[in-house]
$ cat protein_4.cif   # mmCIF, C-alpha atoms and all ligand atoms
data_data
#
loop_
_atom_site.group_PDB
_atom_site.id
_atom_site.type_symbol
_atom_site.label_atom_id
_atom_site.label_comp_id
_atom_site.auth_asym_id
_atom_site.auth_seq_id
_atom_site.Cartn_x
_atom_site.Cartn_y
_atom_site.Cartn_z
ATOM 1 C CA MET A 1 -6.920 4.544 -17.817
ATOM 2 C CA MET A 2 -5.626 2.852 -14.698
ATOM 3 C CA LYS A 3 -7.238 0.085 -12.707
ATOM 4 C CA ILE A 4 -6.503 0.036 -9.000
ATOM 5 C CA THR A 5 -7.338 -3.088 -6.970
ATOM 6 C CA ILE A 6 -7.339 -3.068 -3.197
ATOM 7 C CA LEU A 7 -5.275 -6.165 -2.379
ATOM 8 C CA GLY A 8 -5.605 -5.569 1.340
ATOM 9 C CA SER A 9 -7.171 -2.850 3.484
ATOM 10 C CA GLY A 10 -6.345 -3.948 7.021
ATOM 11 C CA THR A 11 -3.945 -2.689 9.633
ATOM 12 C CA SER A 12 -0.834 -4.645 10.640
ATOM 13 C CA GLN A 13 -2.700 -7.494 12.363
ATOM 14 C CA GLY A 14 -5.335 -7.805 9.632
ATOM 15 C CA VAL A 15 -9.059 -8.230 10.370
ATOM 16 C CA PRO A 16 -10.221 -10.507 11.947
ATOM 17 C CA VAL A 17 -7.557 -10.318 14.636
ATOM 18 C CA ILE A 18 -6.361 -13.674 16.003
ATOM 19 C CA GLY A 19 -8.315 -14.561 19.131
ATOM 20 C CA CYS A 20 -10.698 -11.566 18.990
ATOM 21 C CA ASN A 21 -14.439 -12.049 19.420
ATOM 22 C CA CYS A 22 -15.613 -8.502 18.677
ATOM 23 C CA ASP A 23 -18.526 -7.812 16.290
ATOM 24 C CA VAL A 24 -16.171 -6.808 13.490
ATOM 25 C CA CYS A 25 -13.944 -9.869 13.818
ATOM 26 C CA LYS A 26 -17.043 -12.096 13.975
ATOM 27 C CA SER A 27 -18.758 -10.343 11.059
ATOM 28 C CA THR A 28 -19.610 -12.462 8.016
ATOM 29 C CA ASP A 29 -19.608 -9.375 5.751
ATOM 30 C CA MET A 30 -16.709 -9.722 3.311
ATOM 31 C CA ARG A 31 -16.061 -5.980 3.657
ATOM 32 C CA ASP A 32 -15.001 -6.666 7.254
ATOM 33 C CA LYS A 33 -12.301 -9.151 6.246
ATOM 34 C CA ARG A 34 -9.092 -7.249 5.697
ATOM 35 C CA LEU A 35 -5.715 -8.585 4.602
ATOM 36 C CA ARG A 36 -2.652 -6.420 5.140
ATOM 37 C CA THR A 37 -2.647 -3.125 3.234
ATOM 38 C CA SER A 38 -1.516 -3.172 -0.400
ATOM 39 C CA ILE A 39 -2.756 -2.139 -3.850
ATOM 40 C CA LEU A 40 -2.307 -3.378 -7.402
ATOM 41 C CA ILE A 41 -2.003 -0.778 -10.190
ATOM 42 C CA GLN A 42 -2.693 -1.958 -13.724
ATOM 43 C CA THR A 43 -2.678 -0.339 -17.132
ATOM 44 C CA GLU A 44 -2.756 -2.055 -20.503
ATOM 45 C CA GLN A 45 1.021 -2.370 -20.462
ATOM 46 C CA THR A 46 2.029 -2.349 -16.834
ATOM 47 C CA THR A 47 1.261 -4.105 -13.550
ATOM 48 C CA ILE A 48 2.852 -2.973 -10.303
ATOM 49 C CA CYS A 49 1.964 -3.320 -6.684
ATOM 50 C CA VAL A 50 2.560 -1.104 -3.697
ATOM 51 C CA ASP A 51 3.977 -3.091 -0.765
ATOM 52 C CA ALA A 52 4.188 -6.853 -0.317
ATOM 53 C CA GLY A 53 3.041 -7.705 3.181
ATOM 54 C CA PRO A 54 2.561 -11.132 4.783
ATOM 55 C CA ASP A 55 -0.561 -11.738 2.637
ATOM 56 C CA PHE A 56 1.189 -11.067 -0.690
ATOM 57 C CA ARG A 57 0.961 -14.685 -1.907
ATOM 58 C CA GLN A 58 -2.744 -14.930 -1.146
ATOM 59 C CA GLN A 59 -3.392 -11.551 -2.781
ATOM 60 C CA MET A 60 -1.540 -12.465 -5.981
ATOM 61 C CA LEU A 61 -3.500 -15.718 -6.202
ATOM 62 C CA ARG A 62 -6.864 -14.074 -5.480
ATOM 63 C CA GLU A 63 -6.357 -11.458 -8.209
ATOM 64 C CA ASN A 64 -4.773 -13.963 -10.589
ATOM 65 C CA VAL A 65 -1.712 -11.789 -11.162
ATOM 66 C CA GLN A 66 0.422 -13.468 -13.821
ATOM 67 C CA HIS A 67 3.015 -10.764 -14.337
ATOM 68 C CA LEU A 68 4.456 -8.079 -12.098
ATOM 69 C CA ASP A 69 6.716 -5.323 -13.411
ATOM 70 C CA ALA A 70 7.799 -3.906 -10.056
ATOM 71 C CA ILE A 71 6.979 -3.467 -6.378
ATOM 72 C CA LEU A 72 7.001 -0.064 -4.683
ATOM 73 C CA ILE A 73 7.676 -0.080 -0.940
ATOM 74 C CA THR A 74 6.098 2.650 1.196
ATOM 75 C CA HIS A 75 8.222 1.810 4.265
ATOM 76 C CA HIS A 76 9.830 -1.144 5.967
ATOM 77 C CA HIS A 77 7.329 -2.235 8.610
ATOM 78 C CA LYS A 78 6.694 -5.967 8.471
ATOM 79 C CA ASP A 79 3.081 -5.599 7.323
ATOM 80 C CA HIS A 80 4.464 -3.944 4.139
ATOM 81 C CA ILE A 81 7.523 -6.105 3.347
ATOM 82 C CA GLY A 82 6.779 -9.458 5.021
ATOM 83 C CA GLY A 83 5.759 -11.203 1.779
ATOM 84 C CA LEU A 84 8.776 -10.400 -0.362
ATOM 85 C CA ASP A 85 10.038 -13.996 -0.302
ATOM 86 C CA ASP A 86 7.091 -14.918 -2.532
ATOM 87 C CA VAL A 87 8.331 -12.881 -5.490
ATOM 88 C CA ARG A 88 10.105 -16.152 -6.341
ATOM 89 C CA SER A 89 7.195 -17.159 -8.569
ATOM 90 C CA PHE A 90 7.657 -14.012 -10.637
ATOM 91 C CA ASN A 91 11.434 -14.536 -10.672
ATOM 92 C CA PHE A 92 10.853 -17.941 -12.279
ATOM 93 C CA LEU A 93 8.009 -16.876 -14.595
ATOM 94 C CA GLN A 94 9.681 -13.710 -15.876
ATOM 95 C CA ASN A 95 13.283 -14.810 -15.509
ATOM 96 C CA ILE A 96 14.250 -11.495 -13.896
ATOM 97 C CA SER A 97 15.197 -10.168 -10.486
ATOM 98 C CA MET A 98 12.132 -8.339 -9.175
ATOM 99 C CA PRO A 99 12.601 -4.537 -9.295
ATOM 100 C CA ILE A 100 11.874 -3.266 -5.778
ATOM 101 C CA TYR A 101 11.692 0.511 -5.358
ATOM 102 C CA ALA A 102 12.428 1.487 -1.761
ATOM 103 C CA ALA A 103 14.075 4.256 0.239
ATOM 104 C CA PRO A 104 17.706 3.430 1.146
ATOM 105 C CA VAL A 105 16.691 2.998 4.808
ATOM 106 C CA ALA A 106 13.986 0.499 3.788
ATOM 107 C CA GLN A 107 16.476 -1.350 1.578
ATOM 108 C CA GLU A 108 18.728 -1.887 4.599
ATOM 109 C CA GLU A 109 15.850 -3.580 6.418
ATOM 110 C CA ILE A 110 14.994 -5.714 3.364
ATOM 111 C CA LYS A 111 18.632 -6.831 3.221
ATOM 112 C CA ARG A 112 18.536 -7.798 6.899
ATOM 113 C CA GLU A 113 15.167 -9.516 6.667
ATOM 114 C CA TYR A 114 16.001 -11.467 3.503
ATOM 115 C CA SER A 115 19.762 -11.803 4.083
ATOM 116 C CA TYR A 116 19.780 -15.213 2.330
ATOM 117 C CA ALA A 117 18.944 -13.441 -0.941
ATOM 118 C CA PHE A 118 21.939 -11.115 -0.646
ATOM 119 C CA VAL A 119 24.777 -13.589 -0.055
ATOM 120 C CA ASP A 120 27.626 -14.277 -2.487
ATOM 121 C CA LYS A 121 26.601 -16.036 -5.698
ATOM 122 C CA SER A 122 28.598 -19.091 -4.587
ATOM 123 C CA GLN A 123 26.539 -19.278 -1.352
ATOM 124 C CA LEU A 124 23.157 -18.494 -2.910
ATOM 125 C CA TYR A 125 20.535 -21.217 -2.575
ATOM 126 C CA PRO A 126 19.192 -21.866 -6.097
ATOM 127 C CA GLY A 127 15.560 -21.325 -5.049
ATOM 128 C CA ALA A 128 16.168 -18.024 -3.231
ATOM 129 C CA PRO A 129 14.275 -14.936 -4.363
ATOM 130 C CA THR A 130 16.185 -12.324 -6.347
ATOM 131 C CA TYR A 131 15.658 -8.614 -6.008
ATOM 132 C CA ASN A 132 16.796 -5.576 -7.934
ATOM 133 C CA LEU A 133 16.734 -2.845 -5.287
ATOM 134 C CA ILE A 134 16.257 0.637 -6.701
ATOM 135 C CA ASP A 135 16.433 3.851 -4.650
ATOM 136 C CA ILE A 136 13.419 5.992 -3.999
ATOM 137 C CA LYS A 137 14.585 9.559 -3.563
ATOM 138 C CA ASP A 138 12.492 12.567 -2.799
ATOM 139 C CA HIS A 139 11.755 14.737 -5.852
ATOM 140 C CA LYS A 140 12.952 11.974 -8.174
ATOM 141 C CA PRO A 141 10.018 10.561 -10.163
ATOM 142 C CA ILE A 142 9.918 6.800 -10.586
ATOM 143 C CA VAL A 143 9.378 5.779 -14.199
ATOM 144 C CA ILE A 144 8.051 2.289 -14.906
ATOM 145 C CA ASN A 145 7.124 1.801 -18.552
ATOM 146 C CA GLU A 146 4.570 4.563 -19.317
ATOM 147 C CA LEU A 147 3.860 5.335 -15.639
ATOM 148 C CA THR A 148 5.504 8.252 -13.865
ATOM 149 C CA ILE A 149 5.139 7.997 -10.116
ATOM 150 C CA GLU A 150 5.914 10.810 -7.717
ATOM 151 C CA PRO A 151 7.131 9.712 -4.251
ATOM 152 C CA ILE A 152 6.004 12.087 -1.504
ATOM 153 C CA PRO A 153 7.583 11.787 1.975
ATOM 154 C CA LEU A 154 5.533 11.349 5.152
ATOM 155 C CA SER A 155 6.475 10.882 8.817
ATOM 156 C CA HIS A 156 5.386 7.608 10.425
ATOM 157 C CA LEU A 157 6.481 8.283 14.009
ATOM 158 C CA HIS A 158 10.285 8.001 13.560
ATOM 159 C CA MET A 159 10.108 6.340 10.176
ATOM 160 C CA LEU A 160 10.169 7.711 6.655
ATOM 161 C CA CYS A 161 7.200 6.518 4.610
ATOM 162 C CA TYR A 162 6.390 7.391 1.011
ATOM 163 C CA ALA A 163 3.038 8.245 -0.512
ATOM 164 C CA PHE A 164 2.803 7.719 -4.272
ATOM 165 C CA ARG A 165 1.070 10.015 -6.753
ATOM 166 C CA ILE A 166 0.301 9.079 -10.352
ATOM 167 C CA GLY A 167 -1.422 11.992 -12.103
ATOM 168 C CA ASN A 168 -4.788 12.577 -10.445
ATOM 169 C CA PHE A 169 -4.501 9.507 -8.186
ATOM 170 C CA ALA A 170 -2.605 9.128 -4.910
ATOM 171 C CA TYR A 171 -2.036 6.347 -2.391
ATOM 172 C CA VAL A 172 -1.194 7.627 1.069
ATOM 173 C CA THR A 173 -0.765 5.265 4.004
ATOM 174 C CA ASP A 174 1.113 4.849 7.293
ATOM 175 C CA PHE A 175 1.818 8.326 8.662
ATOM 176 C CA ASN A 176 0.930 10.574 11.536
ATOM 177 C CA THR A 177 2.400 13.808 10.142
ATOM 178 C CA MET A 178 2.417 15.304 6.683
ATOM 179 C CA SER A 179 4.530 18.399 6.013
ATOM 180 C CA ASP A 180 2.966 21.417 4.307
ATOM 181 C CA GLU A 181 5.219 20.729 1.332
ATOM 182 C CA SER A 182 3.951 17.161 0.989
ATOM 183 C CA PHE A 183 0.364 18.397 1.285
ATOM 184 C CA GLU A 184 1.028 20.914 -1.515
ATOM 185 C CA ARG A 185 2.311 18.091 -3.678
ATOM 186 C CA LEU A 186 -0.969 16.221 -3.280
ATOM 187 C CA LYS A 187 -3.031 19.159 -4.514
ATOM 188 C CA GLY A 188 -4.936 18.355 -7.701
ATOM 189 C CA VAL A 189 -5.423 14.713 -6.757
ATOM 190 C CA GLU A 190 -9.002 13.661 -7.540
ATOM 191 C CA TYR A 191 -8.940 10.007 -6.482
ATOM 192 C CA LEU A 192 -7.385 9.370 -3.099
ATOM 193 C CA ILE A 193 -6.735 6.190 -1.152
ATOM 194 C CA ILE A 194 -5.665 7.273 2.309
ATOM 195 C CA GLU A 195 -5.230 5.454 5.579
ATOM 196 C CA ALA A 196 -7.692 5.782 8.455
ATOM 197 C CA LEU A 197 -6.791 3.458 11.311
ATOM 198 C CA ARG A 198 -9.744 4.029 13.665
ATOM 199 C CA HIS A 199 -11.834 6.811 15.178
ATOM 200 C CA GLU A 200 -9.432 7.787 17.955
ATOM 201 C CA LYS A 201 -6.056 9.459 17.496
ATOM 202 C CA HIS A 202 -2.974 7.219 17.294
ATOM 203 C CA TYR A 203 0.745 7.970 17.724
ATOM 204 C CA SER A 204 1.865 6.716 14.309
ATOM 205 C CA HIS A 205 -1.270 6.612 12.125
ATOM 206 C CA ILE A 206 -3.978 9.115 11.274
ATOM 207 C CA SER A 207 -7.531 8.631 12.480
ATOM 208 C CA LEU A 208 -10.744 8.649 10.456
ATOM 209 C CA PRO A 209 -11.568 12.319 11.298
ATOM 210 C CA GLU A 210 -8.022 13.327 10.264
ATOM 211 C CA ALA A 211 -8.281 11.387 6.995
ATOM 212 C CA ILE A 212 -11.650 12.965 6.166
ATOM 213 C CA GLU A 213 -10.200 16.397 6.837
ATOM 214 C CA ILE A 214 -7.273 15.837 4.459
ATOM 215 C CA ALA A 215 -9.602 14.515 1.742
ATOM 216 C CA GLN A 216 -11.852 17.550 2.166
ATOM 217 C CA ARG A 217 -8.955 20.036 2.143
ATOM 218 C CA LEU A 218 -7.727 18.435 -1.087
ATOM 219 C CA ASN A 219 -11.276 18.643 -2.423
ATOM 220 C CA VAL A 220 -11.032 15.178 -3.961
ATOM 221 C CA LYS A 221 -13.760 13.670 -6.126
ATOM 222 C CA LYS A 222 -13.551 10.422 -4.234
ATOM 223 C CA ALA A 223 -11.693 9.018 -1.239
ATOM 224 C CA TRP A 224 -11.327 5.477 0.095
ATOM 225 C CA PHE A 225 -9.962 4.700 3.554
ATOM 226 C CA THR A 226 -7.514 1.858 4.103
ATOM 227 C CA HIS A 227 -5.197 0.344 6.777
ATOM 228 C CA VAL A 228 -8.327 -0.094 8.888
ATOM 229 C CA SER A 229 -8.360 -1.635 12.387
ATOM 230 C CA HIS A 230 -11.130 -3.814 13.815
ATOM 231 C CA SER A 231 -11.773 -1.018 16.317
ATOM 232 C CA MET A 232 -13.164 1.107 13.446
ATOM 233 C CA GLY A 233 -16.449 -0.822 13.586
ATOM 234 C CA ARG A 234 -18.308 -2.675 10.854
ATOM 235 C CA ALA A 235 -17.995 -1.255 7.330
ATOM 236 C CA VAL A 236 -21.761 -1.140 6.851
ATOM 237 C CA ASP A 237 -22.159 1.074 9.929
ATOM 238 C CA VAL A 238 -19.135 3.315 9.365
ATOM 239 C CA ASN A 239 -19.950 3.985 5.699
ATOM 240 C CA LYS A 240 -23.342 5.460 6.678
ATOM 241 C CA THR A 241 -21.572 8.152 8.716
ATOM 242 C CA LEU A 242 -19.136 9.242 5.980
ATOM 243 C CA PRO A 243 -19.410 12.116 3.476
ATOM 244 C CA GLN A 244 -21.088 10.948 0.280
ATOM 245 C CA ASN A 245 -17.893 10.777 -1.801
ATOM 246 C CA MET A 246 -15.985 8.732 0.780
ATOM 247 C CA MET A 247 -16.063 5.107 1.933
ATOM 248 C CA LEU A 248 -14.002 2.456 3.658
ATOM 249 C CA ALA A 249 -11.970 0.488 1.145
ATOM 250 C CA TYR A 250 -12.446 -3.272 1.157
ATOM 251 C CA ASP A 251 -10.375 -6.153 -0.148
ATOM 252 C CA GLY A 252 -10.997 -6.805 -3.834
ATOM 253 C CA LEU A 253 -12.468 -3.333 -4.503
ATOM 254 C CA GLN A 254 -11.588 -2.122 -8.003
ATOM 255 C CA ILE A 255 -11.282 1.538 -8.837
ATOM 256 C CA THR A 256 -10.977 2.900 -12.355
ATOM 257 C CA VAL A 257 -9.050 6.141 -12.633
ATOM 258 C CA GLU A 258 -9.796 8.087 -15.817
ATOM 259 C CA ASN A 259 -8.272 11.199 -17.365
ATOM 260 C CA ASN A 260 -4.952 10.482 -15.847
HETATM 261 ZN ZN ZN A 301 1.210 -0.618 8.076
HETATM 262 ZN ZN ZN A 302 -11.893 -7.726 16.825
HETATM 263 ZN ZN ZN A 303 3.842 1.191 9.268
#
$ encode --input "protein_4.cif" --output "structure tokens"
Amino acid sequence: MMKITILGSGTSQGVPVIGCNCDVCKSTDMRDKRLRTSILIQTEQTTICVDAGPDFRQQMLRENVQHLDAILITHHHKDHIGGLDDVRSFNFLQNISMPIYAAPVAQEEIKREYSYAFVDKSQLYPGAPTYNLIDIKDHKPIVINELTIEPIPLSHLHMLCYAFRIGNFAYVTDFNTMSDESFERLKGVEYLIIEALRHEKHYSHISLPEAIEIAQRLNVKKAWFTHVSHSMGRAVDVNKTLPQNMMLAYDGLQITVENN
């Protein structure tokens, strides 16, 4: 059994958006408050998270995460890597460099962004975060304790982004095109978290109608939509329009995946 927690379900700016007075940004419904997109995956033995955006610290505190075995990076946009400095707490607590699984191209960006963590030992500030960067390669399963995770490539405009499949569960965010091969590799997934930015088409993300179509073609038992923009509308209104087995994800939502 796996427990998935939605750490954040918002697009890159989060919801509410700074300075916006729309109905969604003014909503008092907690389901309309979205930190940057990320999930926590927990089993009895293992805790990992997918992405560490600018809200990583707040998300770890909210969910009272005391131990983290690894972080998987989907891609190197700031809303997915902007919180990596805050792995320092886990560095101290666990006395290890944090294993970060990322595509080589994403690792280059992490090294640029956090250059102070990659200097010579003699130059390293004692409080700097420490990372153990590990390659994600297509068709090479990631094994973390008892979990085997299949990375599946997606196209996010010009950027490579990885979806992650664990048995009958998959997490698929930040893409506008999915190859037929990647779609084939998602077949058999029963529980799907997939991005849906807004109603209208977008150049680097899929829209709600496109996300529904993928979930229906995969014939999933249940789908949750994440990486949601304020222009989607209020959760309470949007959920009424969705197929019965689908809903907008919200921050703090917990999903139990059985029969994995
Ligand atoms: Zn994003
Ligand atoms: Zn707004
Ligand atoms: Zn992105």
$ residues_near_ligand --input "protein_4.cif" --ligand "ligand ZN 303 (chain A)" --cutoff "10 Å" --atoms "only C-alpha atoms and all ligand atoms" --output "MDAnalysis selection string"
chainID A and resid 11:12 37 74:80 156:157 159:161 173:175 204:205 227
$ write_last_selection --input "protein_4.cif" --atoms "C-alpha atoms" --output "PDB file, in the coordinates of the input"
ATOM      1  CA  THR A  11      -3.945  -2.689   9.633  1.00  0.00           C
ATOM      2  CA  SER A  12      -0.834  -4.645  10.640  1.00  0.00           C
ATOM      3  CA  THR A  37      -2.647  -3.125   3.234  1.00  0.00           C
ATOM      4  CA  THR A  74       6.098   2.650   1.196  1.00  0.00           C
ATOM      5  CA  HIS A  75       8.222   1.810   4.265  1.00  0.00           C
ATOM      6  CA  HIS A  76       9.830  -1.144   5.967  1.00  0.00           C
ATOM      7  CA  HIS A  77       7.329  -2.235   8.610  1.00  0.00           C
ATOM      8  CA  LYS A  78       6.694  -5.967   8.471  1.00  0.00           C
ATOM      9  CA  ASP A  79       3.081  -5.599   7.323  1.00  0.00           C
ATOM     10  CA  HIS A  80       4.464  -3.944   4.139  1.00  0.00           C
ATOM     11  CA  HIS A 156       5.386   7.608  10.425  1.00  0.00           C
ATOM     12  CA  LEU A 157       6.481   8.283  14.009  1.00  0.00           C
ATOM     13  CA  MET A 159      10.108   6.340  10.176  1.00  0.00           C
ATOM     14  CA  LEU A 160      10.169   7.711   6.655  1.00  0.00           C
ATOM     15  CA  CYS A 161       7.200   6.518   4.610  1.00  0.00           C
ATOM     16  CA  THR A 173      -0.765   5.265   4.004  1.00  0.00           C
ATOM     17  CA  ASP A 174       1.113   4.849   7.293  1.00  0.00           C
ATOM     18  CA  PHE A 175       1.818   8.326   8.662  1.00  0.00           C
ATOM     19  CA  SER A 204       1.865   6.716  14.309  1.00  0.00           C
ATOM     20  CA  HIS A 205      -1.270   6.612  12.125  1.00  0.00           C
ATOM     21  CA  HIS A 227      -5.197   0.344   6.777  1.00  0.00           C
TER      22      HIS A 227
END
$ resolve_selection --input "protein_4.cif" --expression "the PyMOL selection byres (((not hetatm)) within 8 of (chain A and resi 302))" --output "MDAnalysis selection string"
chainID A and resid 15:17 20:26 230:231
$ resolve_selection --input "protein_4.cif" --expression "the PyMOL selection byres (((chain A and resi 247) around 7) and not hetatm)" --output "PDB file with C-alpha atoms, in the coordinates of the input"
ATOM      1  CA  ALA A 223     -11.693   9.018  -1.239  1.00  0.00           C
ATOM      2  CA  TRP A 224     -11.327   5.477   0.095  1.00  0.00           C
ATOM      3  CA  PHE A 225      -9.962   4.700   3.554  1.00  0.00           C
ATOM      4  CA  ASN A 239     -19.950   3.985   5.699  1.00  0.00           C
ATOM      5  CA  LEU A 242     -19.136   9.242   5.980  1.00  0.00           C
ATOM      6  CA  MET A 246     -15.985   8.732   0.780  1.00  0.00           C
ATOM      7  CA  LEU A 248     -14.002   2.456   3.658  1.00  0.00           C
ATOM      8  CA  ALA A 249     -11.970   0.488   1.145  1.00  0.00           C
TER       9      ALA A 249
END
$ residues_near_point --input "protein_4.cif" --point "(-9.3, 6.5, -17.3)" --cutoff "12 Å" --atoms "only C-alpha atoms" --output "short mmCIF file (atom, residue, chain, number, x, y, z; two decimals) with C-alpha atoms, in the frame of the given file"
data_model
loop_
_atom_site.label_atom_id
_atom_site.label_comp_id
_atom_site.auth_asym_id
_atom_site.auth_seq_id
_atom_site.Cartn_x
_atom_site.Cartn_y
_atom_site.Cartn_z
CA MET A 1 -6.92 4.54 -17.82
CA MET A 2 -5.63 2.85 -14.70
CA LYS A 3 -7.24 0.08 -12.71
CA ILE A 4 -6.50 0.04 -9.00
CA GLN A 42 -2.69 -1.96 -13.72
CA THR A 43 -2.68 -0.34 -17.13
CA GLU A 44 -2.76 -2.06 -20.50
CA GLY A 167 -1.42 11.99 -12.10
CA ASN A 168 -4.79 12.58 -10.44
CA PHE A 169 -4.50 9.51 -8.19
CA TYR A 191 -8.94 10.01 -6.48
CA ILE A 255 -11.28 1.54 -8.84
CA THR A 256 -10.98 2.90 -12.36
CA VAL A 257 -9.05 6.14 -12.63
CA GLU A 258 -9.80 8.09 -15.82
CA ASN A 259 -8.27 11.20 -17.36
CA ASN A 260 -4.95 10.48 -15.85
#
$ resolve_selection --input "protein_4.cif" --expression "the PyMOL selection byres (((chain A and resi 47-56) around 8) and not hetatm)" --output "number ranges by chain"
A: 35-43, 45-46, 57-60, 67-74, 78-84, 86
$ closest_residue --input "protein_4.cif" --among "A:Phe92, A:Ala196, A:Glu181, A:Lys137" --to "ligand ZN 301 (chain A)" --atoms "only C-alpha atoms and all ligand atoms"
A:Ala196
$ residues_near_point --input "protein_4.cif" --point "(-19.0, -0.5, 5.9)" --cutoff "10 Å" --atoms "all atoms listed in the file" --output "PDB file with C-alpha atoms, in the frame of the given file"
ATOM      1  CA  ASP A  29     -19.608  -9.375   5.751  1.00  0.00           C
ATOM      2  CA  MET A  30     -16.709  -9.722   3.311  1.00  0.00           C
ATOM      3  CA  ARG A  31     -16.061  -5.980   3.657  1.00  0.00           C
ATOM      4  CA  ASP A  32     -15.001  -6.666   7.254  1.00  0.00           C
ATOM      5  CA  MET A 232     -13.164   1.107  13.446  1.00  0.00           C
ATOM      6  CA  GLY A 233     -16.449  -0.822  13.586  1.00  0.00           C
ATOM      7  CA  ARG A 234     -18.308  -2.675  10.854  1.00  0.00           C
ATOM      8  CA  ALA A 235     -17.995  -1.255   7.330  1.00  0.00           C
ATOM      9  CA  VAL A 236     -21.761  -1.140   6.851  1.00  0.00           C
ATOM     10  CA  ASP A 237     -22.159   1.074   9.929  1.00  0.00           C
ATOM     11  CA  VAL A 238     -19.135   3.315   9.365  1.00  0.00           C
ATOM     12  CA  ASN A 239     -19.950   3.985   5.699  1.00  0.00           C
ATOM     13  CA  LYS A 240     -23.342   5.460   6.678  1.00  0.00           C
ATOM     14  CA  THR A 241     -21.572   8.152   8.716  1.00  0.00           C
ATOM     15  CA  LEU A 242     -19.136   9.242   5.980  1.00  0.00           C
ATOM     16  CA  MET A 247     -16.063   5.107   1.933  1.00  0.00           C
ATOM     17  CA  LEU A 248     -14.002   2.456   3.658  1.00  0.00           C
ATOM     18  CA  ALA A 249     -11.970   0.488   1.145  1.00  0.00           C
ATOM     19  CA  TYR A 250     -12.446  -3.272   1.157  1.00  0.00           C
TER      20      TYR A 250
END
$ closest_residue --input "protein_4.cif" --among "A:Thr5, A:Thr226, A:Asn95, A:Asn145" --to "Thr130 (chain A)" --atoms "all atoms listed in the file"
A:Asn95
$ atom_distance --input "protein_4.cif" --atom1 "CA of Arg185 (chain A)" --atom2 "CA of Leu154 (chain A)"
11.6 Å
$ residues_around --input "protein_4.cif" --residues "Ile136 (chain A)" --least-positions-apart "4" --cutoff "12 Å" --atoms "all atoms listed in the file" --output "PyMOL selection string"
chain A and resi 71-75+99-107+140-143+149-153+160-164
$ atom_distance --input "protein_4.cif" --atom1 "CA of Glu190 (chain A)" --atom2 "atom ZN of ligand ZN 301 (chain A)"
23.5 Å
$ closest_residue --input "protein_4.cif" --among "A:Gln94, A:Asp85, A:Lys33, A:Glu195" --to "Gln66 (chain A)" --atoms "all atoms listed in the file"
A:Gln94
$ residues_around --input "protein_4.cif" --residues "Gly127 (chain A)" --least-positions-apart "2" --cutoff "8 Å" --atoms "all atoms listed in the file" --output "list in words"
Arg88, Tyr125 and Pro129 of chain A
$ closest_residue --input "protein_4.cif" --among "A:Ser9, A:Ser27, A:Asn132, A:Asn245" --to "Ile212 (chain A)" --atoms "all atoms listed in the file"
A:Asn245
$ closest_residue --input "protein_4.cif" --among "A:Asn64, A:Ser182, A:Asn176, A:Gln254" --to "ligand ZN 301 (chain A)" --atoms "all atoms listed in the file"
A:Asn176
$ closest_residue --input "protein_4.cif" --among "A:Ile134, A:Val87, A:Leu192, A:Ile206" --to "ligand ZN 301 (chain A)" --atoms "all atoms listed in the file"
A:Ile206
$ atom_distance --input "protein_4.cif" --atom1 "CA of Pro243 (chain A)" --atom2 "CA of Gly14 (chain A)"
25.2 Å
$ axis_aligned_box --input "protein_4.cif" --around "region 165-178 of chain A" --padding-each-side "5 Å" --output "lines of an AutoDock Vina configuration file"
center_x = -1.2
center_y = 10.1
center_z = -0.3
size_x = 17.2
size_y = 20.5
size_z = 33.6
